[in-house]
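One structure is given here, and the rest of the page talks about it.
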Amino acid sequence: MKKRTFLRLAGAIGAGWLLSPLVRLRAKGKMREKLKNWAGNIDYSTENLHRAKSVNDAKVYVRKTEKLKVLGTRHCFNTIADSKDGFLSLTELPDAPVIDAAARTVTIDANMTYGRLAPWLEEKGYALHNLASLPHISVAGAVSTATHGSGENNGNLSTAVTGLELVTANGELLQLSRNKDGEVFRGAVVGLGALGAIMKVTLEIQPAFQARQWVYQNMPMEAVEAHFDQIEGSGYSVSLFTDWRNRNVNEVWIKDRIGDAKQFEAKPEFFGAKLAKKNLHPIAEISAENCTEQMGAPGPWYDRLPHFKMGFMPSAGKELQSEFFVPRKDAVKAILALEKLHEEISPHLLITEIRAIAADDLWLSPCYQQDSVAIHFTWQQDWPAVKAVLPELEKALAPFAVRPHWGKLFTLEPAVLRSRYKKLTEFVELAQKYDPQGKFRNEFLNRHVFAIR
Ligand SMILES: Cc1cc2nc3c(=O)[nH]c(=O)nc-3n(C[C@H](O)[C@H](O)[C@H](O)COP(=O)(O)OP(=O)(O)OC[C@H]3O[C@@H](n4cnc5c(N)ncnc54)[C@H](O)[C@@H]3O)c2cc1C
């Protein structure tokens, strides 16, 4: 990588934490806070934010408020969480996780983050099946947009949900469970915040496990083309990182569960890539200080499944993200179609990550009824440039009926979304049942979900 490129990346990833999402403004002599998303690319349209002190307080606020949006940890890159009218925040509610050992579940307050939940669970001898690349997101916000980790046999994080407790538009509590509520439950879990304010989430847990990971460098794209299934099947969780330059996958991260029948054998070479001899960041030029331990060192599940350590920020916020899900069977064709666009993509990109996710039956999940491969783009924070390249990329992926990540940037038209998310019409009906006046809808939802009937 050229020095100039490296400095640009380091600037984008290393120093942006100075930009707080809550930008303090001096207004009429007193400090007030401007509400932004984590990346700082979205100024929310109101600063009218109610911090609920209790479930009852949330119920009263919802009942008396005409329009609102519940805010999680603000990690979405588009306006799905925005509101012109008002926000309900649950950050002041206590984290009070409760384990049901017999049912193998934990019930948590919705605003709890995976970063707080995971070490707590480990201490009690339990684990979750998977985690996203960063732990700082709220569980409710994550499951509402079908946030995922990696692993061809792992469903996204929403698939671990067995129960939800929501305050719906009339201010009443609604309890839904996987066992009792069948299709309604499957429609509600990836709810985009449109069904009500989630107060509690129940998640499946399993005995705590140890894991380890290895990183390989420089896998030729030809090897991906010829051996994609073997590569993806080599570990519990596999990620391919590429900047789309030189027909090369820069890094392959393979994570394994210790004790599983099938164990990854870390040979010096893996489909043409070389085993790294030190810990690496997904962008090799950046210090790996914040990355989870590699080179086969065993550690607790929550300190190996994410790429970044719990106590650290994975990156700065000065970035944009897009992600597209293609059917697993079309993954290689989709990767090669994008490879052809490398001259358009690479100049605006920090890194791409490619992950496999198992099919599920949650209506608005991008993996609904199809094993999928998610192709993710961490872009430089240059929206005009990204906005120009996205339609080309979406066009290249169109033959594979690509579905976008709900919380990231895309330019696909609502009619296209409707053809790709088969249960969108049923979801609209479900949301109308619990929220007939559209109290929890915003412009994003009206355009992309509710205007399609
Ligand atoms: C650095 C970074 C890394 C990421 N890595 C991954 C990754 O590995 N995999 C992946 O799939 N995604 C990833 N994401 C995307 C992220 O997981 C999703 O955008 C997720 O929805 C963020 O959760 P949040 O709590 O911040 O939600 P917000 O952005 O605050 O809200 C998202 C939606 O959820 C709703 N919502 C939030 N809380 C509630 C509630 N209590 N009740 C009802 N509705 C609610 C909001 O109204 C909104 O519609 C990443 C994002 C960032 C910034």
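Here's how to read the names in the structure tokens: chain A, B, ... by the order shown, residue numbers from 1 in each chain, ligand numbers from 1 in the order shown.
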Next on the checklist: Please return, as a PyMOL selection string, all residues of segment 125-372 of chain A that DSSP assigns to strand (DSSP E) on the basis of the backbone.
Outcome noted: chain A and resi 126-127+161-167+173-177+197-204+206-207+210-220+237-242+248-257+269-270+273-275+299-300+320-327+349-357+372
Next on the checklist: To check your reading of the model: which residues sit at most 8 Å from ligand 1 when counting only C-alpha atoms and all ligand atoms? Write the answer as a PyMOL selection string.
Outcome noted: chain A and resi 37-39+69-77+80-82+89-90+110-111+113+131-134+136-149+156+166+191-200+314-317+321+405-408+440
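Shortest separation to Leu176 of chain A among A:Asn153, A:Met310, A:Met112, A:Val201 occurs at residue A:Val201, atoms counted being only C-alpha atoms.
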Checklist entry - If you run DSSP on the backbone, which residues of segment 148-391 of chain A are helix (DSSP H, G or I), as a ChimeraX atom specification? => result /A:157-160,178-188,221-232,301-303,328-339,342-348,383-391
Item to check | atom CA of Lys255 of chain A to atom CA of Ala208 of chain A, straight-line distance in Å | outcome: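 Pair atom CA of Ala208 of chain A / atom CA of Lys255 of chain A returns 15.5 Å.
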